[in-house]
Structures are given as structure tokens and as C-alpha cells.
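Chemist: So I've got this file, my_file-v9.pdb, and it contains PDB, C-alpha atoms and all ligand atoms:
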```pdb
ATOM      1  CA  MET A1295     -26.540  94.154   3.780  1.00  0.00           C
ATOM      2  CA  THR A1296     -30.244  94.325   4.519  1.00  0.00           C
ATOM      3  CA  ASP A1297     -32.505  92.533   6.990  1.00  0.00           C
ATOM      4  CA  ASP A1298     -35.472  92.667   4.655  1.00  0.00           C
ATOM      5  CA  LEU A1299     -36.014  89.067   3.597  1.00  0.00           C
ATOM      6  CA  THR A1300     -39.167  89.576   1.552  1.00  0.00           C
ATOM      7  CA  LEU A1301     -39.326  89.118  -2.202  1.00  0.00           C
ATOM      8  CA  SER A1302     -40.093  92.790  -2.615  1.00  0.00           C
ATOM      9  CA  ASN A1303     -36.488  93.569  -1.728  1.00  0.00           C
ATOM     10  CA  PRO A1304     -34.620  93.331  -5.066  1.00  0.00           C
ATOM     11  CA  GLU A1305     -31.230  93.182  -3.340  1.00  0.00           C
ATOM     12  CA  ARG A1306     -32.185  90.164  -1.355  1.00  0.00           C
ATOM     13  CA  ASN A1307     -34.067  88.307  -4.053  1.00  0.00           C
ATOM     14  CA  PRO A1308     -33.373  89.607  -7.517  1.00  0.00           C
ATOM     15  CA  ALA A1309     -34.855  86.538  -9.216  1.00  0.00           C
ATOM     16  CA  THR A1310     -38.272  85.140  -8.494  1.00  0.00           C
ATOM     17  CA  PRO A1311     -39.380  81.757  -9.814  1.00  0.00           C
ATOM     18  CA  ASP A1312     -41.897  83.198 -12.300  1.00  0.00           C
ATOM     19  CA  GLY A1313     -40.026  86.393 -13.140  1.00  0.00           C
ATOM     20  CA  ARG A1314     -42.676  88.706 -11.668  1.00  0.00           C
ATOM     21  CA  SER A1315     -41.690  91.304  -9.117  1.00  0.00           C
ATOM     22  CA  GLY A1316     -41.781  90.529  -5.421  1.00  0.00           C
ATOM     23  CA  GLU A1317     -44.982  92.540  -4.829  1.00  0.00           C
ATOM     24  CA  ASP A1318     -46.789  90.437  -7.467  1.00  0.00           C
ATOM     25  CA  GLN A1319     -45.871  87.178  -5.823  1.00  0.00           C
ATOM     26  CA  PRO A1320     -48.557  85.290  -3.914  1.00  0.00           C
ATOM     27  CA  ARG A1321     -48.863  86.111  -0.258  1.00  0.00           C
ATOM     28  CA  TRP A1322     -47.464  82.765   0.905  1.00  0.00           C
ATOM     29  CA  ARG A1323     -44.285  83.337  -1.128  1.00  0.00           C
ATOM     30  CA  GLN A1324     -43.862  86.767   0.312  1.00  0.00           C
ATOM     31  CA  ASP A1325     -44.232  85.307   3.805  1.00  0.00           C
ATOM     32  CA  PHE A1326     -41.775  82.500   3.103  1.00  0.00           C
ATOM     33  CA  PRO A1327     -39.268  83.875   0.628  1.00  0.00           C
ATOM     34  CA  ILE A1328     -36.566  81.721  -0.884  1.00  0.00           C
ATOM     35  CA  ASP A1329     -33.309  83.105  -2.187  1.00  0.00           C
ATOM     36  CA  LEU A1330     -33.072  81.100  -5.399  1.00  0.00           C
ATOM     37  CA  SER A1331     -29.415  81.749  -6.070  1.00  0.00           C
ATOM     38  CA  GLN A1332     -28.486  80.631  -2.528  1.00  0.00           C
ATOM     39  CA  TYR A1333     -30.864  77.738  -2.800  1.00  0.00           C
ATOM     40  CA  ASP A1334     -29.208  76.506  -6.016  1.00  0.00           C
ATOM     41  CA  TYR A1335     -25.777  77.065  -4.568  1.00  0.00           C
ATOM     42  CA  ILE A1336     -26.577  75.073  -1.430  1.00  0.00           C
ATOM     43  CA  SER A1337     -28.192  72.312  -3.462  1.00  0.00           C
ATOM     44  CA  ARG A1338     -25.126  71.966  -5.684  1.00  0.00           C
ATOM     45  CA  ARG A1339     -22.813  72.041  -2.704  1.00  0.00           C
ATOM     46  CA  ASP A1340     -24.952  69.485  -0.873  1.00  0.00           C
ATOM     47  CA  PHE A1341     -25.071  67.299  -3.927  1.00  0.00           C
ATOM     48  CA  ILE A1342     -21.268  67.338  -4.230  1.00  0.00           C
ATOM     49  CA  LYS A1343     -21.003  66.568  -0.505  1.00  0.00           C
ATOM     50  CA  PHE A1344     -23.434  63.722  -0.972  1.00  0.00           C
ATOM     51  CA  LEU A1345     -21.419  62.349  -3.920  1.00  0.00           C
ATOM     52  CA  ILE A1346     -18.196  62.502  -1.922  1.00  0.00           C
ATOM     53  CA  LEU A1347     -19.812  60.759   1.035  1.00  0.00           C
ATOM     54  CA  VAL A1348     -21.367  58.046  -1.127  1.00  0.00           C
ATOM     55  CA  SER A1349     -18.182  57.351  -3.059  1.00  0.00           C
ATOM     56  CA  GLY A1350     -16.196  57.358   0.206  1.00  0.00           C
ATOM     57  CA  ALA A1351     -18.613  54.862   1.739  1.00  0.00           C
ATOM     58  CA  PHE A1352     -18.500  52.735  -1.414  1.00  0.00           C
ATOM     59  CA  THR A1353     -14.677  52.679  -1.428  1.00  0.00           C
ATOM     60  CA  ALA A1354     -14.583  51.838   2.292  1.00  0.00           C
ATOM     61  CA  GLY A1355     -17.089  49.019   1.652  1.00  0.00           C
ATOM     62  CA  GLN A1356     -14.928  47.590  -1.127  1.00  0.00           C
ATOM     63  CA  PHE A1357     -11.852  47.692   1.103  1.00  0.00           C
ATOM     64  CA  PHE A1358     -13.784  45.969   3.850  1.00  0.00           C
ATOM     65  CA  LEU A1359     -14.910  43.177   1.495  1.00  0.00           C
ATOM     66  CA  VAL A1360     -11.385  42.665   0.151  1.00  0.00           C
ATOM     67  CA  LEU A1361      -9.953  42.533   3.683  1.00  0.00           C
ATOM     68  CA  GLN A1362     -12.697  40.168   4.783  1.00  0.00           C
ATOM     69  CA  SER A1363     -12.114  37.785   1.867  1.00  0.00           C
ATOM     70  CA  LEU A1364      -8.326  37.931   2.439  1.00  0.00           C
ATOM     71  CA  SER A1365      -8.743  37.094   6.094  1.00  0.00           C
ATOM     72  CA  ARG A1366     -11.218  34.337   5.223  1.00  0.00           C
ATOM     73  CA  SER A1367      -8.909  32.763   2.666  1.00  0.00           C
ATOM     74  CA  ALA A1368      -6.033  32.929   5.146  1.00  0.00           C
ATOM     75  CA  GLU A1369      -8.227  31.364   7.837  1.00  0.00           C
ATOM     76  CA  GLN A1370      -7.409  27.710   8.478  1.00  0.00           C
ATOM     77  CA  LEU A1371     -10.547  25.589   8.676  1.00  0.00           C
ATOM     78  CA  PRO A1372     -10.749  22.990  11.436  1.00  0.00           C
ATOM     79  CA  THR A1373     -10.291  19.312  10.647  1.00  0.00           C
ATOM     80  CA  LEU A1374     -13.577  17.437  10.839  1.00  0.00           C
ATOM     81  CA  GLU A1375     -14.180  13.700  10.966  1.00  0.00           C
ATOM     82  CA  VAL A1376     -16.766  13.066   8.251  1.00  0.00           C
ATOM     83  CA  ALA A1377     -17.401   9.322   8.246  1.00  0.00           C
ATOM     84  CA  ASP A1378     -15.932   5.842   8.605  1.00  0.00           C
ATOM     85  CA  ILE A1379     -14.714   4.448   5.294  1.00  0.00           C
ATOM     86  CA  ASP A1380     -16.683   1.249   5.881  1.00  0.00           C
ATOM     87  CA  ASP A1381     -19.947   3.162   6.220  1.00  0.00           C
ATOM     88  CA  ILE A1382     -19.872   4.308   2.587  1.00  0.00           C
ATOM     89  CA  PRO A1383     -20.051   1.702  -0.190  1.00  0.00           C
ATOM     90  CA  ILE A1384     -18.351   2.301  -3.546  1.00  0.00           C
ATOM     91  CA  GLY A1385     -20.650   4.615  -5.502  1.00  0.00           C
ATOM     92  CA  GLY A1386     -22.285   5.673  -2.245  1.00  0.00           C
ATOM     93  CA  THR A1387     -22.743   9.285  -1.136  1.00  0.00           C
ATOM     94  CA  TYR A1388     -22.921  11.071   2.178  1.00  0.00           C
ATOM     95  CA  VAL A1389     -24.077  14.619   2.916  1.00  0.00           C
ATOM     96  CA  PHE A1390     -22.361  16.565   5.682  1.00  0.00           C
ATOM     97  CA  GLU A1391     -21.721  20.119   6.828  1.00  0.00           C
ATOM     98  CA  TYR A1392     -18.203  21.444   6.794  1.00  0.00           C
ATOM     99  CA  PRO A1393     -17.429  23.520   8.732  1.00  0.00           C
ATOM    100  CA  PRO A1394     -20.463  22.805  10.941  1.00  0.00           C
ATOM    101  CA  GLY A1395     -23.295  25.216  10.140  1.00  0.00           C
ATOM    102  CA  SER A1396     -22.169  25.714   6.516  1.00  0.00           C
ATOM    103  CA  PRO A1397     -24.144  24.793   3.396  1.00  0.00           C
ATOM    104  CA  SER A1398     -24.149  21.045   2.710  1.00  0.00           C
ATOM    105  CA  ARG A1399     -21.161  19.239   1.199  1.00  0.00           C
ATOM    106  CA  ILE A1400     -21.477  15.924  -0.540  1.00  0.00           C
ATOM    107  CA  LEU A1401     -19.026  13.048  -0.290  1.00  0.00           C
ATOM    108  CA  VAL A1402     -18.833  10.355  -2.980  1.00  0.00           C
ATOM    109  CA  ARG A1403     -16.841   7.143  -2.827  1.00  0.00           C
ATOM    110  CA  LEU A1404     -15.304   6.530  -6.263  1.00  0.00           C
ATOM    111  CA  SER A1405     -13.391   3.314  -5.519  1.00  0.00           C
ATOM    112  CA  ASP A1406     -11.800   1.377  -2.675  1.00  0.00           C
ATOM    113  CA  ASP A1407      -9.517   4.214  -1.704  1.00  0.00           C
ATOM    114  CA  ARG A1408     -10.757   7.265  -3.647  1.00  0.00           C
ATOM    115  CA  PHE A1409     -13.230   9.763  -2.303  1.00  0.00           C
ATOM    116  CA  VAL A1410     -14.270  13.205  -3.508  1.00  0.00           C
ATOM    117  CA  ALA A1411     -16.361  15.842  -1.772  1.00  0.00           C
ATOM    118  CA  TYR A1412     -17.842  19.086  -3.065  1.00  0.00           C
ATOM    119  CA  GLU A1413     -20.070  21.899  -2.010  1.00  0.00           C
ATOM    120  CA  GLN A1414     -23.603  20.781  -2.805  1.00  0.00           C
ATOM    121  CA  GLN A1415     -24.628  24.131  -4.330  1.00  0.00           C
ATOM    122  CA  CYS A1416     -24.516  24.508  -8.096  1.00  0.00           C
ATOM    123  CA  THR A1417     -22.229  27.318  -9.232  1.00  0.00           C
ATOM    124  CA  HIS A1418     -24.916  28.599 -11.600  1.00  0.00           C
ATOM    125  CA  LEU A1419     -27.829  29.576  -9.317  1.00  0.00           C
ATOM    126  CA  LEU A1420     -27.112  27.583  -6.170  1.00  0.00           C
ATOM    127  CA  CYS A1421     -29.537  24.677  -6.666  1.00  0.00           C
ATOM    128  CA  PRO A1422     -28.554  21.494  -4.816  1.00  0.00           C
ATOM    129  CA  VAL A1423     -26.573  19.175  -7.083  1.00  0.00           C
ATOM    130  CA  ILE A1424     -26.969  15.395  -7.172  1.00  0.00           C
ATOM    131  CA  PRO A1425     -24.091  12.990  -7.794  1.00  0.00           C
ATOM    132  CA  GLU A1426     -24.678  10.280 -10.393  1.00  0.00           C
ATOM    133  CA  PRO A1427     -21.672   8.000  -9.829  1.00  0.00           C
ATOM    134  CA  GLU A1428     -22.931   5.498 -12.414  1.00  0.00           C
ATOM    135  CA  ASN A1429     -22.476   8.204 -15.102  1.00  0.00           C
ATOM    136  CA  ASN A1430     -19.405   9.804 -13.504  1.00  0.00           C
ATOM    137  CA  VAL A1431     -21.192  13.174 -13.268  1.00  0.00           C
ATOM    138  CA  ILE A1432     -22.838  15.480 -10.793  1.00  0.00           C
ATOM    139  CA  HIS A1433     -26.180  16.705 -12.067  1.00  0.00           C
ATOM    140  CA  CYS A1434     -27.984  19.959 -11.373  1.00  0.00           C
ATOM    141  CA  PRO A1435     -31.658  19.379 -12.213  1.00  0.00           C
ATOM    142  CA  CYS A1436     -32.591  23.088 -12.152  1.00  0.00           C
ATOM    143  CA  HIS A1437     -31.184  23.920 -15.612  1.00  0.00           C
ATOM    144  CA  GLU A1438     -29.584  20.628 -16.632  1.00  0.00           C
ATOM    145  CA  GLY A1439     -26.093  21.525 -15.545  1.00  0.00           C
ATOM    146  CA  TYR A1440     -23.452  18.790 -15.336  1.00  0.00           C
ATOM    147  CA  PHE A1441     -20.113  18.589 -13.538  1.00  0.00           C
ATOM    148  CA  ASP A1442     -17.388  15.988 -13.853  1.00  0.00           C
ATOM    149  CA  LEU A1443     -17.566  13.776 -10.772  1.00  0.00           C
ATOM    150  CA  GLU A1444     -13.805  13.378 -10.392  1.00  0.00           C
ATOM    151  CA  SER A1445     -12.821  17.029 -10.758  1.00  0.00           C
ATOM    152  CA  GLY A1446     -16.021  18.969 -10.047  1.00  0.00           C
ATOM    153  CA  ARG A1447     -15.493  20.965 -13.257  1.00  0.00           C
ATOM    154  CA  PRO A1448     -18.520  21.983 -15.350  1.00  0.00           C
ATOM    155  CA  ILE A1449     -18.985  19.898 -18.472  1.00  0.00           C
ATOM    156  CA  ALA A1450     -22.462  20.829 -19.725  1.00  0.00           C
ATOM    157  CA  GLY A1451     -25.259  23.326 -19.202  1.00  0.00           C
ATOM    158  CA  PRO A1452     -25.124  26.854 -17.771  1.00  0.00           C
ATOM    159  CA  PRO A1453     -22.551  26.455 -14.944  1.00  0.00           C
ATOM    160  CA  ASN A1454     -19.114  27.783 -15.913  1.00  0.00           C
ATOM    161  CA  ARG A1455     -17.276  27.500 -12.589  1.00  0.00           C
ATOM    162  CA  PRO A1456     -16.235  24.307 -10.825  1.00  0.00           C
ATOM    163  CA  LEU A1457     -17.834  23.201  -7.582  1.00  0.00           C
ATOM    164  CA  ALA A1458     -15.886  24.151  -4.461  1.00  0.00           C
ATOM    165  CA  ARG A1459     -13.913  21.067  -3.461  1.00  0.00           C
ATOM    166  CA  VAL A1460     -13.565  19.789   0.094  1.00  0.00           C
ATOM    167  CA  VAL A1461      -9.996  18.664   0.781  1.00  0.00           C
ATOM    168  CA  LEU A1462     -10.104  15.172   2.302  1.00  0.00           C
ATOM    169  CA  GLU A1463      -7.652  13.117   4.275  1.00  0.00           C
ATOM    170  CA  ILE A1464      -7.996   9.395   4.912  1.00  0.00           C
ATOM    171  CA  ARG A1465      -6.400   7.896   7.994  1.00  0.00           C
ATOM    172  CA  ASP A1466      -7.156   5.133  10.480  1.00  0.00           C
ATOM    173  CA  GLY A1467     -10.148   3.985   8.434  1.00  0.00           C
ATOM    174  CA  LYS A1468     -11.796   7.404   8.656  1.00  0.00           C
ATOM    175  CA  ILE A1469     -12.390  10.292   6.255  1.00  0.00           C
ATOM    176  CA  PHE A1470     -11.550  13.779   7.444  1.00  0.00           C
ATOM    177  CA  ALA A1471     -12.319  17.146   5.855  1.00  0.00           C
ATOM    178  CA  THR A1472      -9.422  19.538   6.278  1.00  0.00           C
ATOM    179  CA  ASP A1473     -10.112  22.494   3.993  1.00  0.00           C
ATOM    180  CA  ILE A1474     -12.269  23.930   1.199  1.00  0.00           C
ATOM    181  CA  GLU A1475     -10.716  24.721  -2.154  1.00  0.00           C
ATOM    182  CA  ARG A1476     -12.598  27.426  -4.073  1.00  0.00           C
ATOM    183  CA  ARG A1477     -11.664  27.463  -7.726  1.00  0.00           C
ATOM    184  CA  THR A1478     -12.483  29.787 -10.557  1.00  0.00           C
ATOM    185  CA  VAL A1479     -11.438  27.448 -13.391  1.00  0.00           C
TER     186      VAL A1479
HETATM  187  S1  LIG B   1     -28.713  26.218 -10.876  1.00  0.00           S
HETATM  188 FE1  LIG B   1     -27.595  24.554 -11.583  1.00  0.00          FE
HETATM  189  S2  LIG B   1     -27.701  24.687 -13.688  1.00  0.00           S
HETATM  190 FE2  LIG B   1     -28.755  26.410 -13.001  1.00  0.00          FE
END
```
Any chance you could put this one into C-alpha cells?
Ligand code: FES

Modeler:
Amino acid sequence: MTDDLTLSNPERNPATPDGRSGEDQPRWRQDFPIDLSQYDYISRRDFIKFLILVSGAFTAGQFFLVLQSLSRSAEQLPTLEVADIDDIPIGGTYVFEYPPGSPSRILVRLSDDRFVAYEQQCTHLLCPVIPEPENNVIHCPCHEGYFDLESGRPIAGPPNRPLARVVLEIRDGKIFATDIERRTV
């Protein structure tokens, strides 16, 4: 083993980038020699380390998201008083937040004793949707998407997933939200 680190030492640096001997290399390269074989080796090893770290972080991230969504779906939402029945006429709508601080939900009175409520974001690209009780649909004006008012399922346009439905309970003349039902079909 030698201590001579210059390019002129063939044992230390048998290969130079341009194939010329160490003495013919520019002065700066002689002053700062690089062992190309070691350099390649370290780069490959570092690259493999990097790949392992990135794929490990990616896998951990996926696990975290799955655990988070499992804990969210298992989480019981609080019951919230939304409105008095008498405050909403048949065909009338009411926007509220459930749970408080969430994106808007929209309540629609279908008849004397039937109410529906959905997330107000379109399942296509999240535009706010507008109920049209007179046509029994919910309309998304962004790309002319339509949902069935009674089920929240898409019936026309680009959306292909139903609107998230707010589970309602009616008691003592009041409407309560008790949960959110996210559906894929
Ligand atoms: S965002 Fe609603 S149809 Fe595109």
C-alpha cells in the first residue's frame, strides 16, 4: 500500500479520465486526484443505499396512510344538531359544516319527513355542487356533472363516484347529523 495519492502513481490510480498518464494530466488534477474505480464503487453503493432509503420511506408512508385512514374510518363522529325541521321548507336547502370546520355539507328537504344531506364538493374536481330539487338532481356547474338528489349517485357528466352522504337522524322536531358515509359506488 502506498501513500502517494497523485495520478502519477499507477498503483493508486491506474485509470485516468482521458486515458493519458498521470504526468500528462493537468496540474489541478494532479493536485486533487480522484480514484475513479473507488469513486464509481462509492457512487453505486451510495445509489443503492439511497434506493433502499427511499423505498423504505415510501413503504413507511404507505403504512402510515393506511393506518390513518383505518383509524379515521373507525372514528365515531360527534352528533351535531343541524337545524329545526320547521326552518326548512319542502324543496329548501341548508348549508352546514359537519363536523365543525369541515368542508360544507348541504341539506335538502325532499318531503314532509324526508331529508338528505351530502358533502358539497363534487367528486370529479371538488367544485361546489348545487341542489336542484325541482329536477331531483344535484348539479355541478364546472363540467356539467349531475347526481341523483335522493341517492347522491352520479347520473351524468364526468363524476363517477357518489357524493359522500351525511347520515341524518330526526327527533324532537330537529335534524341531527350523526355520521358521514363515504361510498365508492
Ligand atoms: S368538478 Fe364537478 S363535474 Fe367536474

Chemist: Neighbours of ligand LIG 1 (chain B) at 6 Å or closer, counting all atoms listed in the file: which residues, as a list in words?

Modeler: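 The residues near ligand LIG 1 (chain B) are Cys1416, His1418, Leu1419, Leu1420, Cys1421, Cys1434, Cys1436, His1437, Glu1438, Gly1439, Pro1452 and Pro1453 of chain A.
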
Chemist: Between A:Leu1374, A:Val1389, A:Val1402, A:Val1431, which one has atoms that come closest to A:Glu1463, using only C-alpha atoms?

Modeler: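 Between A:Leu1374, A:Val1389, A:Val1402, A:Val1431, the residue approaching A:Glu1463 most closely is A:Leu1374.
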
Chemist: Name every residue that the PyMOL selection byres (((chain A and resi 1427) around 10) and not hetatm) selects in this structure, writing the answer as a ChimeraX atom specification with chains first and numbers rising.

Modeler: /A:1384-1387,1402-1404,1424-1426,1428-1432,1442-1444

Chemist: If we draw a sphere of 12 Å around (-8.2, 3.5, 7.1), which residues have at least one atom in it when counting all atoms listed in the file? Please report them as a PyMOL selection string.

Modeler: chain A and resi 1377-1381+1406-1408+1463-1470

Chemist: Restricting the calculation to all atoms listed in the file: of A:Phe1352, A:Phe1344, A:Tyr1392, A:Phe1326, which residue gets closest to A:Ala1458?

Modeler: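 Distance minimum relative to A:Ala1458 lands on A:Tyr1392.
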
Chemist: Could you state the separation of atom CA of A:Val1461 and atom CA of A:Glu1391 in Å, given to one decimal place?

Modeler: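 Computing it gives 13.3 Å between the two atoms.
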
Chemist: Would you list the contacts of A:Ala1411 as a ChimeraX atom specification, taking every protein, DNA or RNA residue within 7 Å and counting only C-alpha atoms, but skipping same-chain residues closer than 6 positions in sequence?

Modeler: /A:1399-1402,1459-1460

Chemist: Store the residues of this selection in a file with C-alpha atoms, as a compact mmCIF listing (two decimals), in the coordinates of the input.

Modeler:
```txt
# COMPACT_ATOMS: atom_id res chain seq x y z
CA ARG A 1399 -21.16 19.24 1.20
CA ILE A 1400 -21.48 15.92 -0.54
CA LEU A 1401 -19.03 13.05 -0.29
CA VAL A 1402 -18.83 10.36 -2.98
CA ARG A 1459 -13.91 21.07 -3.46
CA VAL A 1460 -13.56 19.79 0.09
```

Chemist: At what distance in Å, to one decimal, does atom CA of A:Phe1409 lie from atom CA of A:Tyr1388?

Modeler: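 These atoms are spaced 10.8 Å apart.
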
Chemist: Quick check, in Å to one decimal: how far apart do atom CA of A:Asp1473 and atom CA of A:Phe1357 lie?

Modeler: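 Here the two named atoms are 25.4 Å from each other.
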
Chemist: Nearest to A:Val1410: which of A:Leu1462, A:Phe1390, A:Thr1373, A:Pro1397 is it, counting only C-alpha atoms?

Modeler: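 Nearest to A:Val1410: A:Leu1462.
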
Chemist: Just want the 7 Å neighbourhood of A:Arg1477, counted on all atoms listed in the file, with same-chain residues fewer than 2 positions away dropped. Output as a list in words.

Modeler: Pro1456, Ala1458, Glu1475 and Val1479 of chain A

Chemist: Using all atoms listed in the file for the distances, tell me which of A:Arg1476, A:Asp1340, A:Ser1349, A:Pro1383 is nearest to A:Glu1413.

Modeler: A:Arg1476

Chemist: For stretch 1395-1423 of chain A, where the input has fewer atoms than it should, I would like N, CA and C atoms rebuilt and written as a short mmCIF file (atom, residue, chain, number, x, y, z; two decimals), keeping the file's coordinate frame.

Modeler:
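Saved as out18.cif:
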```
data_model
loop_
_atom_site.label_atom_id
_atom_site.label_comp_id
_atom_site.auth_asym_id
_atom_site.auth_seq_id
_atom_site.Cartn_x
_atom_site.Cartn_y
_atom_site.Cartn_z
N GLY A 1395 -22.47 24.02 10.32
CA GLY A 1395 -23.30 25.22 10.14
C GLY A 1395 -23.20 25.79 8.74
N SER A 1396 -22.32 25.22 7.90
CA SER A 1396 -22.17 25.71 6.52
C SER A 1396 -23.20 25.04 5.61
N PRO A 1397 -23.30 25.51 4.36
CA PRO A 1397 -24.14 24.79 3.40
C PRO A 1397 -23.63 23.35 3.24
N SER A 1398 -24.51 22.47 2.78
CA SER A 1398 -24.15 21.04 2.71
C SER A 1398 -23.01 20.78 1.74
N ARG A 1399 -22.22 19.79 2.08
CA ARG A 1399 -21.16 19.24 1.20
C ARG A 1399 -21.58 17.81 0.91
N ILE A 1400 -21.10 17.29 -0.21
CA ILE A 1400 -21.48 15.92 -0.54
C ILE A 1400 -20.24 15.10 -0.84
N LEU A 1401 -20.17 13.95 -0.16
CA LEU A 1401 -19.03 13.05 -0.29
C LEU A 1401 -19.43 11.89 -1.19
N VAL A 1402 -18.54 11.50 -2.09
CA VAL A 1402 -18.83 10.36 -2.98
C VAL A 1402 -17.64 9.41 -2.94
N ARG A 1403 -17.93 8.13 -2.79
CA ARG A 1403 -16.84 7.14 -2.83
C ARG A 1403 -16.70 6.65 -4.26
N LEU A 1404 -15.52 6.90 -4.86
CA LEU A 1404 -15.30 6.53 -6.26
C LEU A 1404 -14.79 5.10 -6.40
N SER A 1405 -13.96 4.66 -5.45
CA SER A 1405 -13.39 3.31 -5.52
C SER A 1405 -12.99 2.91 -4.10
N ASP A 1406 -12.23 1.83 -4.01
CA ASP A 1406 -11.80 1.38 -2.68
C ASP A 1406 -11.18 2.50 -1.84
N ASP A 1407 -10.27 3.23 -2.49
CA ASP A 1407 -9.52 4.21 -1.70
C ASP A 1407 -9.63 5.64 -2.25
N ARG A 1408 -10.63 5.89 -3.11
CA ARG A 1408 -10.76 7.26 -3.65
C ARG A 1408 -12.12 7.86 -3.29
N PHE A 1409 -12.02 9.03 -2.70
CA PHE A 1409 -13.23 9.76 -2.30
C PHE A 1409 -13.12 11.19 -2.84
N VAL A 1410 -14.25 11.77 -3.17
CA VAL A 1410 -14.27 13.20 -3.51
C VAL A 1410 -15.42 13.84 -2.72
N ALA A 1411 -15.27 15.13 -2.45
CA ALA A 1411 -16.36 15.84 -1.77
C ALA A 1411 -16.42 17.26 -2.31
N TYR A 1412 -17.63 17.75 -2.50
CA TYR A 1412 -17.84 19.09 -3.06
C TYR A 1412 -18.95 19.80 -2.29
N GLU A 1413 -18.94 21.11 -2.49
CA GLU A 1413 -20.07 21.90 -2.01
C GLU A 1413 -21.30 21.42 -2.78
N GLN A 1414 -22.44 21.34 -2.10
CA GLN A 1414 -23.60 20.78 -2.80
C GLN A 1414 -24.39 21.83 -3.56
N GLN A 1415 -23.90 23.07 -3.61
CA GLN A 1415 -24.63 24.13 -4.33
C GLN A 1415 -24.06 24.31 -5.73
N CYS A 1416 -24.93 24.29 -6.71
CA CYS A 1416 -24.52 24.51 -8.10
C CYS A 1416 -23.89 25.90 -8.23
N THR A 1417 -22.87 26.01 -9.06
CA THR A 1417 -22.23 27.32 -9.23
C THR A 1417 -22.99 28.23 -10.20
N HIS A 1418 -24.10 27.73 -10.75
CA HIS A 1418 -24.92 28.60 -11.60
C HIS A 1418 -25.84 29.43 -10.71
N LEU A 1419 -26.90 28.82 -10.17
CA LEU A 1419 -27.83 29.58 -9.32
C LEU A 1419 -28.10 28.87 -8.00
N LEU A 1420 -27.11 28.14 -7.53
CA LEU A 1420 -27.11 27.58 -6.17
C LEU A 1420 -28.13 26.47 -5.90
N CYS A 1421 -28.66 25.83 -6.92
CA CYS A 1421 -29.54 24.68 -6.67
C CYS A 1421 -28.70 23.54 -6.10
N PRO A 1422 -29.31 22.64 -5.31
CA PRO A 1422 -28.55 21.49 -4.82
C PRO A 1422 -28.23 20.53 -5.96
N VAL A 1423 -26.98 20.10 -6.02
CA VAL A 1423 -26.57 19.18 -7.08
C VAL A 1423 -26.66 17.73 -6.58
#
```
